[in-house]
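Enquirer: Just so it is clear, I am handing over structure28.txt, which has compact mmCIF, C-alpha atoms and all ligand atoms.
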# COMPACT_ATOMS: atom_id res chain seq x y z
CA MET Z 9 -27.01 11.17 -8.09
CA SER Z 10 -23.80 11.52 -10.10
CA ALA Z 11 -25.89 11.64 -13.33
CA ASP Z 12 -27.68 14.60 -11.79
CA LEU Z 13 -24.40 16.41 -11.07
CA GLN Z 14 -23.16 15.58 -14.55
CA ALA Z 15 -26.23 17.22 -16.09
CA ARG Z 16 -25.72 20.32 -13.94
CA ILE Z 17 -22.11 20.65 -15.13
CA ARG Z 18 -23.27 20.95 -18.72
CA ILE Z 19 -25.97 23.49 -17.84
CA ASP Z 20 -23.88 25.59 -15.47
CA GLY Z 21 -20.98 26.58 -17.69
CA ASP Z 22 -17.61 25.75 -19.15
CA VAL Z 23 -16.13 22.36 -18.46
CA PRO Z 24 -12.46 22.74 -17.48
CA ARG Z 25 -10.30 21.65 -20.40
CA HIS Z 26 -7.52 20.31 -18.20
CA VAL Z 27 -7.92 18.87 -14.70
CA ALA Z 28 -4.88 17.82 -12.66
CA ILE Z 29 -5.15 15.71 -9.52
CA ILE Z 30 -2.77 15.15 -6.60
CA MET Z 31 -4.02 11.78 -5.39
CA ASP Z 32 -3.32 11.79 -1.67
CA GLY Z 33 -4.37 9.84 1.41
CA ASN Z 34 -3.85 6.21 0.42
CA GLY Z 35 -1.66 5.56 3.46
CA ARG Z 36 -4.13 7.09 5.92
CA TRP Z 37 -7.01 5.20 4.29
CA ALA Z 38 -5.13 1.93 4.88
CA LYS Z 39 -4.13 2.91 8.42
CA GLU Z 40 -7.77 3.60 9.33
CA ARG Z 41 -8.44 -0.02 8.40
CA GLY Z 42 -5.39 -1.42 10.20
CA LYS Z 43 -3.87 -2.47 6.86
CA PRO Z 44 -0.44 -1.86 5.30
CA ARG Z 45 0.01 1.24 3.13
CA GLU Z 46 0.13 -0.90 -0.02
CA HIS Z 47 -3.50 -1.82 0.62
CA GLY Z 48 -4.42 1.86 0.29
CA HIS Z 49 -2.49 2.22 -2.95
CA ARG Z 50 -4.28 -0.81 -4.38
CA ALA Z 51 -7.66 0.66 -3.41
CA GLY Z 52 -6.53 3.91 -5.04
CA MET Z 53 -6.50 2.18 -8.41
CA GLN Z 54 -10.30 1.97 -8.38
CA ALA Z 55 -10.42 5.72 -7.74
CA VAL Z 56 -8.16 6.22 -10.77
CA ARG Z 57 -10.76 4.37 -12.85
CA GLU Z 58 -13.51 6.58 -11.42
CA ALA Z 59 -11.59 9.78 -12.24
CA VAL Z 60 -10.78 8.65 -15.79
CA GLU Z 61 -14.34 7.56 -16.53
CA GLY Z 62 -15.85 10.67 -14.94
CA ALA Z 63 -13.48 12.93 -16.90
CA GLY Z 64 -14.52 11.21 -20.13
CA GLU Z 65 -18.21 11.53 -19.28
CA VAL Z 66 -18.15 15.31 -18.87
CA GLY Z 67 -15.81 16.01 -21.79
CA ILE Z 68 -12.61 17.03 -20.03
CA GLU Z 69 -9.82 17.15 -22.65
CA VAL Z 70 -6.82 16.42 -20.44
CA LEU Z 71 -6.56 14.67 -17.08
CA THR Z 72 -3.18 14.65 -15.35
CA LEU Z 73 -2.72 12.31 -12.40
CA PHE Z 74 0.22 12.60 -10.02
CA ALA Z 75 0.95 8.90 -9.56
CA PHE Z 76 4.54 8.91 -8.32
CA SER Z 77 6.78 11.84 -7.49
CA LYS Z 78 10.57 11.99 -7.68
CA GLU Z 79 10.51 12.31 -3.89
CA ASN Z 80 8.52 9.06 -3.65
CA TRP Z 81 11.70 7.14 -4.59
CA HIS Z 82 12.78 7.81 -0.98
CA ARG Z 83 9.89 5.77 0.48
CA PRO Z 84 10.71 2.33 1.93
CA PRO Z 85 11.80 -0.06 -0.85
CA GLY Z 86 8.82 -2.35 -0.25
CA GLU Z 87 6.36 0.48 -0.81
CA VAL Z 88 8.19 1.70 -3.94
CA LYS Z 89 8.08 -1.84 -5.29
CA ALA Z 90 4.37 -2.15 -4.54
CA LEU Z 91 3.62 1.18 -6.24
CA MET Z 92 5.60 0.21 -9.34
CA SER Z 93 3.87 -3.13 -9.49
CA LEU Z 94 0.45 -1.43 -9.21
CA LEU Z 95 1.31 0.95 -12.01
CA GLU Z 96 2.29 -1.99 -14.15
CA THR Z 97 -0.93 -3.80 -13.29
CA TYR Z 98 -2.96 -0.71 -14.08
CA VAL Z 99 -1.42 -0.07 -17.49
CA ARG Z 100 -1.58 -3.73 -18.50
CA ARG Z 101 -5.13 -4.24 -17.27
CA GLU Z 102 -6.61 -1.00 -18.62
CA ARG Z 103 -4.78 -0.85 -21.95
CA LYS Z 104 -7.55 -2.43 -24.03
CA GLU Z 105 -10.42 -0.55 -22.47
CA LEU Z 106 -8.66 2.81 -22.60
CA LYS Z 107 -7.88 2.28 -26.27
CA GLU Z 108 -11.53 1.39 -26.98
CA LYS Z 109 -12.65 4.57 -25.23
CA GLY Z 110 -10.26 6.67 -27.33
CA VAL Z 111 -8.15 7.65 -24.31
CA GLU Z 112 -4.62 8.68 -25.27
CA VAL Z 113 -2.19 7.90 -22.46
CA ARG Z 114 1.01 9.84 -22.02
CA VAL Z 115 3.62 9.70 -19.30
CA ILE Z 116 5.30 12.74 -17.88
CA GLY Z 117 8.38 12.38 -15.71
CA ASP Z 118 11.79 10.80 -15.60
CA THR Z 119 10.89 7.38 -17.01
CA ALA Z 120 14.59 6.46 -17.35
CA ARG Z 121 14.53 5.77 -13.60
CA LEU Z 122 11.80 3.14 -13.89
CA GLY Z 123 12.67 -0.54 -13.80
CA ARG Z 124 12.80 -2.42 -17.08
CA MET Z 125 9.39 -4.11 -16.72
CA THR Z 126 7.57 -0.97 -15.61
CA ARG Z 127 9.19 1.06 -18.38
CA ALA Z 128 8.17 -1.52 -20.96
CA ALA Z 129 4.57 -1.65 -19.70
CA VAL Z 130 4.32 2.12 -19.72
CA ARG Z 131 5.84 2.37 -23.20
CA ASP Z 132 3.40 -0.22 -24.38
CA ILE Z 133 0.26 1.62 -23.26
CA VAL Z 134 1.56 4.91 -24.65
CA GLU Z 135 2.16 3.32 -28.07
CA HIS Z 136 -1.08 1.34 -28.00
CA THR Z 137 -3.28 4.35 -27.24
CA ARG Z 138 -1.42 6.90 -29.41
CA GLY Z 139 -3.74 8.91 -31.63
CA GLY Z 140 -6.80 8.42 -29.39
CA THR Z 141 -9.17 11.32 -29.96
CA GLY Z 142 -10.97 11.25 -26.60
CA LEU Z 143 -9.53 12.11 -23.22
CA ARG Z 144 -5.76 12.60 -22.94
CA LEU Z 145 -4.53 10.97 -19.76
CA ASN Z 146 -1.17 12.16 -18.48
CA LEU Z 147 0.31 9.87 -15.85
CA ALA Z 148 2.96 11.74 -13.87
CA ILE Z 149 5.47 9.08 -12.86
CA SER Z 150 8.84 9.85 -11.29
CA TYR Z 151 7.81 13.44 -11.85
CA GLY Z 152 9.17 16.59 -10.19
CA ALA Z 153 8.29 20.06 -11.40
CA ARG Z 154 11.57 21.76 -10.49
CA ASP Z 155 13.38 19.04 -12.35
CA GLU Z 156 11.12 19.58 -15.37
CA ILE Z 157 11.86 23.33 -15.30
CA VAL Z 158 15.63 22.75 -14.99
CA SER Z 159 15.51 20.34 -17.96
CA ALA Z 160 13.66 22.94 -20.02
CA ALA Z 161 16.25 25.58 -19.14
CA ARG Z 162 19.03 23.16 -20.10
CA ALA Z 163 17.39 22.37 -23.45
CA LEU Z 164 17.10 26.09 -24.26
CA ALA Z 165 20.72 26.70 -23.17
CA ASP Z 166 21.78 23.90 -25.53
CA ARG Z 167 19.97 25.53 -28.42
CA VAL Z 168 21.61 28.87 -27.63
CA GLN Z 169 25.03 27.18 -27.50
CA ARG Z 170 24.40 25.52 -30.87
CA GLY Z 171 23.46 28.91 -32.29
CA THR Z 172 19.87 27.98 -33.18
CA LEU Z 173 18.25 30.26 -30.60
CA LEU Z 174 19.01 33.77 -29.38
CA PRO Z 175 18.64 34.48 -25.64
CA ALA Z 176 16.30 37.33 -26.57
CA GLU Z 177 14.02 34.83 -28.30
CA ILE Z 178 13.36 32.97 -25.05
CA ASP Z 179 9.91 33.84 -23.82
CA GLU Z 180 7.10 32.06 -21.95
CA GLU Z 181 6.01 30.29 -25.11
CA THR Z 182 9.46 28.89 -26.02
CA PHE Z 183 9.94 27.86 -22.40
CA ALA Z 184 6.57 26.09 -22.12
CA ALA Z 185 7.31 24.26 -25.37
CA GLU Z 186 10.18 22.45 -23.60
CA LEU Z 187 7.98 21.11 -20.79
CA PHE Z 188 6.42 17.62 -20.77
CA THR Z 189 3.04 19.29 -21.19
CA ALA Z 190 3.99 21.25 -24.32
CA LYS Z 191 0.92 20.01 -26.16
CA ASP Z 192 -1.56 20.62 -23.35
CA PRO Z 193 -3.43 23.69 -22.20
CA ASP Z 194 -2.46 24.66 -18.63
CA PRO Z 195 -4.65 22.99 -15.99
CA ASP Z 196 -7.83 24.95 -15.27
CA LEU Z 197 -8.46 23.03 -12.07
CA LEU Z 198 -6.19 21.26 -9.59
CA ILE Z 199 -7.76 18.84 -7.14
CA ARG Z 200 -5.91 17.58 -4.08
CA THR Z 201 -7.47 14.96 -1.88
CA SER Z 202 -7.01 14.15 1.83
CA GLY Z 203 -7.35 17.72 3.11
CA GLU Z 204 -3.74 18.78 2.40
CA HIS Z 205 -3.12 22.23 0.96
CA ARG Z 206 0.23 21.84 -0.76
CA ILE Z 207 1.45 21.81 -4.36
CA SER Z 208 4.26 19.31 -3.58
CA ASN Z 209 6.49 20.11 -6.56
CA PHE Z 210 3.69 19.39 -9.06
CA MET Z 211 3.38 21.34 -12.34
CA LEU Z 212 4.82 24.53 -10.82
CA TRP Z 213 4.99 26.36 -14.15
CA GLN Z 214 1.64 25.13 -15.49
CA LEU Z 215 -0.39 25.91 -12.35
CA ALA Z 216 0.23 29.68 -12.46
CA TYR Z 217 -3.47 30.55 -12.92
CA THR Z 218 -5.09 27.25 -11.99
CA GLU Z 219 -8.07 27.13 -9.62
CA LEU Z 220 -7.33 24.98 -6.59
CA HIS Z 221 -9.83 22.60 -5.03
CA THR Z 222 -9.03 20.59 -1.92
CA THR Z 223 -11.27 17.93 -0.47
CA PRO Z 224 -10.97 15.95 2.76
CA VAL Z 225 -11.88 12.77 0.87
CA LEU Z 226 -9.01 10.25 0.98
CA TRP Z 227 -7.99 9.17 -2.52
CA PRO Z 228 -9.29 5.56 -2.37
CA ASP Z 229 -12.76 6.95 -1.53
CA PHE Z 230 -12.73 9.43 -4.43
CA THR Z 231 -15.50 8.84 -6.96
CA ARG Z 232 -16.73 10.59 -10.08
CA LYS Z 233 -19.24 12.37 -7.83
CA ASP Z 234 -16.32 14.11 -6.06
CA LEU Z 235 -14.87 15.04 -9.44
CA PHE Z 236 -18.21 16.48 -10.59
CA GLU Z 237 -18.59 18.44 -7.34
CA ALA Z 238 -15.12 19.95 -7.82
CA ILE Z 239 -16.08 20.97 -11.36
CA LEU Z 240 -19.34 22.54 -10.19
CA GLU Z 241 -17.45 24.54 -7.57
CA TYR Z 242 -14.96 25.60 -10.25
CA GLN Z 243 -17.82 26.77 -12.45
CA ARG Z 244 -19.09 29.01 -9.65
CA ARG Z 245 -15.76 30.83 -9.47
CA GLU Z 246 -14.73 33.83 -11.49
CA ARG Z 247 -11.35 33.47 -13.15
CA ARG Z 248 -9.58 36.76 -13.70
CA PHE Z 249 -6.00 35.80 -14.67
CA GLY Z 250 -4.70 38.83 -12.73
CA ARG Z 251 -7.07 41.24 -14.46
CA VAL Z 252 -10.14 43.05 -13.13
CA ALA Z 253 -13.60 41.49 -13.44
CA ALA Z 254 -15.50 42.07 -16.67
CA SER Z 255 -18.43 44.46 -16.04
C1 LIG F 301 -0.37 9.41 -2.02
O1 LIG F 301 -0.85 8.78 -0.88
C2 LIG F 301 -0.43 8.54 -3.17
C3 LIG F 301 0.63 8.04 -3.86
C4 LIG F 301 2.01 8.35 -3.49
C5 LIG F 301 0.49 7.14 -5.00
C6 LIG F 301 -0.73 7.25 -5.86
C7 LIG F 301 -0.92 5.95 -6.51
C8 LIG F 301 -2.10 5.35 -6.78
C9 LIG F 301 -3.38 6.00 -6.60
C10 LIG F 301 -2.13 3.93 -7.28
C11 LIG F 301 -1.85 3.66 -8.66
C12 LIG F 301 -1.85 4.80 -9.62
C13 LIG F 301 -2.17 4.67 -10.92
C14 LIG F 301 -2.10 5.83 -11.85
C15 LIG F 301 -2.60 3.39 -11.46
P1 LIG F 301 0.10 8.65 0.39
O2 LIG F 301 0.74 7.34 0.34
O3 LIG F 301 1.03 9.82 0.45
O4 LIG F 301 -0.97 8.75 1.56
P2 LIG F 301 -0.77 9.37 3.00
O5 LIG F 301 -0.47 10.83 2.81
O6 LIG F 301 -2.10 9.14 3.65
O7 LIG F 301 0.34 8.63 3.65
How would this structure read if it were set down as structure tokens?
Ligand code: FPP
Expert:
Amino acid sequence: MSADLQARIRIDGDVPRHVAIIMDGNGRWAKERGKPREHGHRAGMQAVREAVEGAGEVGIEVLTLFAFSKENWHRPPGEVKALMSLLETYVRRERKELKEKGVEVRVIGDTARLGRMTRAAVRDIVEHTRGGTGLRLNLAISYGARDEIVSAARALADRVQRGTLLPAEIDEETFAAELFTAKDPDPDLLIRTSGEHRISNFMLWQLAYTELHTTPVLWPDFTRKDLFEAILEYQRRERRFGRVAAS
């Protein structure tokens, strides 16, 4: 079934270069089963594997996963600890296979806030997979888009103060070059699971013209089939970037 969808993606049109995903619904998935929230996060790891493999199969260039927001630091300490430990498990366990598949892992976010062990594990996978020529996997960890924009503004202000940049030289390109995603095309498609319709402080600059796809599927149930369906729906849309349709 998913092979069928995969074939249709290739026939139907352009594959999005960059897909971003807000992985949501782990807590509800666990609650439905009478389990603690951590159980949902653990099950969500399998869905991460599905998304990464599916993205590689259809030739997506960049996949950005929102794994942990800056706001998530305010969750109960036990849940934060469980999420950090899962991230560590994921990067340690998948390191070898991702490298073999040519996946280049990058981390976007305020990694200085991570604990020593998590930071080391994350640094390790980034270094180990550097130069991979297949999928680029951005893991957004301790990430907040407003924060990213403020940091970019501060970096440009610094350059102006040092006399290496004129205010008049600041344009969209110079600004975007200061963001974590400087090397990436903007996302073509944003997927949010669990039926929510919010951006939640995710890639506010980069999503300006992104197509949005929401699905009621809770993240732990997300499979490559859901990814392929989102891409097929994307391919049926007409992207105009604020212009009129081509005749
Ligand atoms: C949102 O569900 C999900 C998260 C805050 C964390 C996402 C983390 C994972 C999928 C696990 C590990 C990730 C990687 C990259 C290995 P929620 O807790 O807000 O769910 P709810 O809205 O139903 O409460």
Enquirer: Return as number ranges by chain every polymer residue, whether protein, DNA or RNA, with at least one atom no more than 6 Å from an atom of ligand LIG 301 (chain F); count only C-alpha atoms and all ligand atoms.
Expert: Z: 31-36, 49-50, 52-53, 75-76, 94-95, 98
Enquirer: Mind giving me the straight-line distance from atom CA of Z:Leu197 to atom CA of Z:Ala129 in Å, one decimal?
Expert: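 Interatomic distance, atom CA of Z:Leu197 to atom CA of Z:Ala129: 28.9 Å.
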Enquirer: Given all atoms listed in the file as the basis, pick out the residue of Z:Ala55, Z:Ile30, Z:Ala38, Z:Ala253 nearest to Z:Lys233.
Expert: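 Ranked by minimum distance to Z:Lys233, first place goes to Z:Ala55.
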Enquirer: Suppose you want the space between atom CA of Z:Leu73 and atom CA of Z:Leu145; what is it in Å?
Expert: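 For atom CA of Z:Leu73 relative to atom CA of Z:Leu145, the distance reads 7.7 Å.
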Enquirer: Return the single residue from Z:Glu65, Z:Glu219, Z:Glu204, Z:Glu108 that is closest to Z:Ala15, with distances computed using only C-alpha atoms.
Expert: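 Among the listed residues, the smallest separation from Z:Ala15 belongs to Z:Glu65.
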Enquirer: Mind checking which residues fall within 9 Å of Z:Ile199, counting all atoms listed in the file, ignoring those fewer than 2 positions away in the same chain, and posting them as a VMD selection string?
Expert: chain Z and resid 27 to 31 197 201 219 to 223 235 238
Enquirer: Dump C-alpha atoms for the selected residues as an mmCIF file, in the frame of the given file?
Expert:
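File written: result.cif
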data_model
loop_
_atom_site.group_PDB
_atom_site.id
_atom_site.type_symbol
_atom_site.label_atom_id
_atom_site.label_comp_id
_atom_site.auth_asym_id
_atom_site.auth_seq_id
_atom_site.Cartn_x
_atom_site.Cartn_y
_atom_site.Cartn_z
ATOM 1 C CA VAL Z 27 -7.920 18.870 -14.700
ATOM 2 C CA ALA Z 28 -4.880 17.820 -12.660
ATOM 3 C CA ILE Z 29 -5.150 15.710 -9.520
ATOM 4 C CA ILE Z 30 -2.770 15.150 -6.600
ATOM 5 C CA MET Z 31 -4.020 11.780 -5.390
ATOM 6 C CA LEU Z 197 -8.460 23.030 -12.070
ATOM 7 C CA THR Z 201 -7.470 14.960 -1.880
ATOM 8 C CA GLU Z 219 -8.070 27.130 -9.620
ATOM 9 C CA LEU Z 220 -7.330 24.980 -6.590
ATOM 10 C CA HIS Z 221 -9.830 22.600 -5.030
ATOM 11 C CA THR Z 222 -9.030 20.590 -1.920
ATOM 12 C CA THR Z 223 -11.270 17.930 -0.470
ATOM 13 C CA LEU Z 235 -14.870 15.040 -9.440
ATOM 14 C CA ALA Z 238 -15.120 19.950 -7.820
#
Enquirer: As a list in words, please: the residues near Z:Arg127 (cut-off 12 Å, only C-alpha atoms, same-chain neighbours under 5 positions excluded).
Expert: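 Once the adjacent positions are removed, what remains is Met92, Ser93, Leu95, Glu96, Val99, Arg100, Val115, Gly117, Asp118, Thr119, Ala120, Arg121, Leu122, Asp132, Ile133, Val134, Ile149 and Ser150 of chain Z.
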Enquirer: Rounded to one decimal place, report the atom CA of Z:Pro224-atom CA of Z:Leu198 distance in Å.
Expert: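 It comes out at 14.3 Å.
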Enquirer: Restricting the calculation to only C-alpha atoms, which member of Z:His26, Z:Arg232, Z:Lys107, Z:Arg138 is positioned closest to Z:Gln14?
Expert: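 Under the stated criterion, the closest residue is Z:Arg232.
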Enquirer: Mind checking which residues fall within 12 Å of Z:Gly250, counting all atoms listed in the file, ignoring those fewer than 4 positions away in the same chain, and posting them as a list in words?
Expert: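 Counting only the stated atoms, we get Ala216, Tyr217, Thr218, Glu246 and Ala254 of chain Z.
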Enquirer: Quick one: everything within 12 Å of Z:Arg244, counting all atoms listed in the file, minus sequence neighbours fewer than 6 positions away in the same chain. Send it as an MDAnalysis selection string.
Expert: chainID Z and resid 16:17 20:23 219 237:238
Enquirer: Name the closest residue to Z:Phe249 among the candidates Z:Trp37, Z:Leu215, Z:Val225, Z:Pro175; distances are taken between atoms, counting all atoms listed in the file.
Expert: Z:Leu215
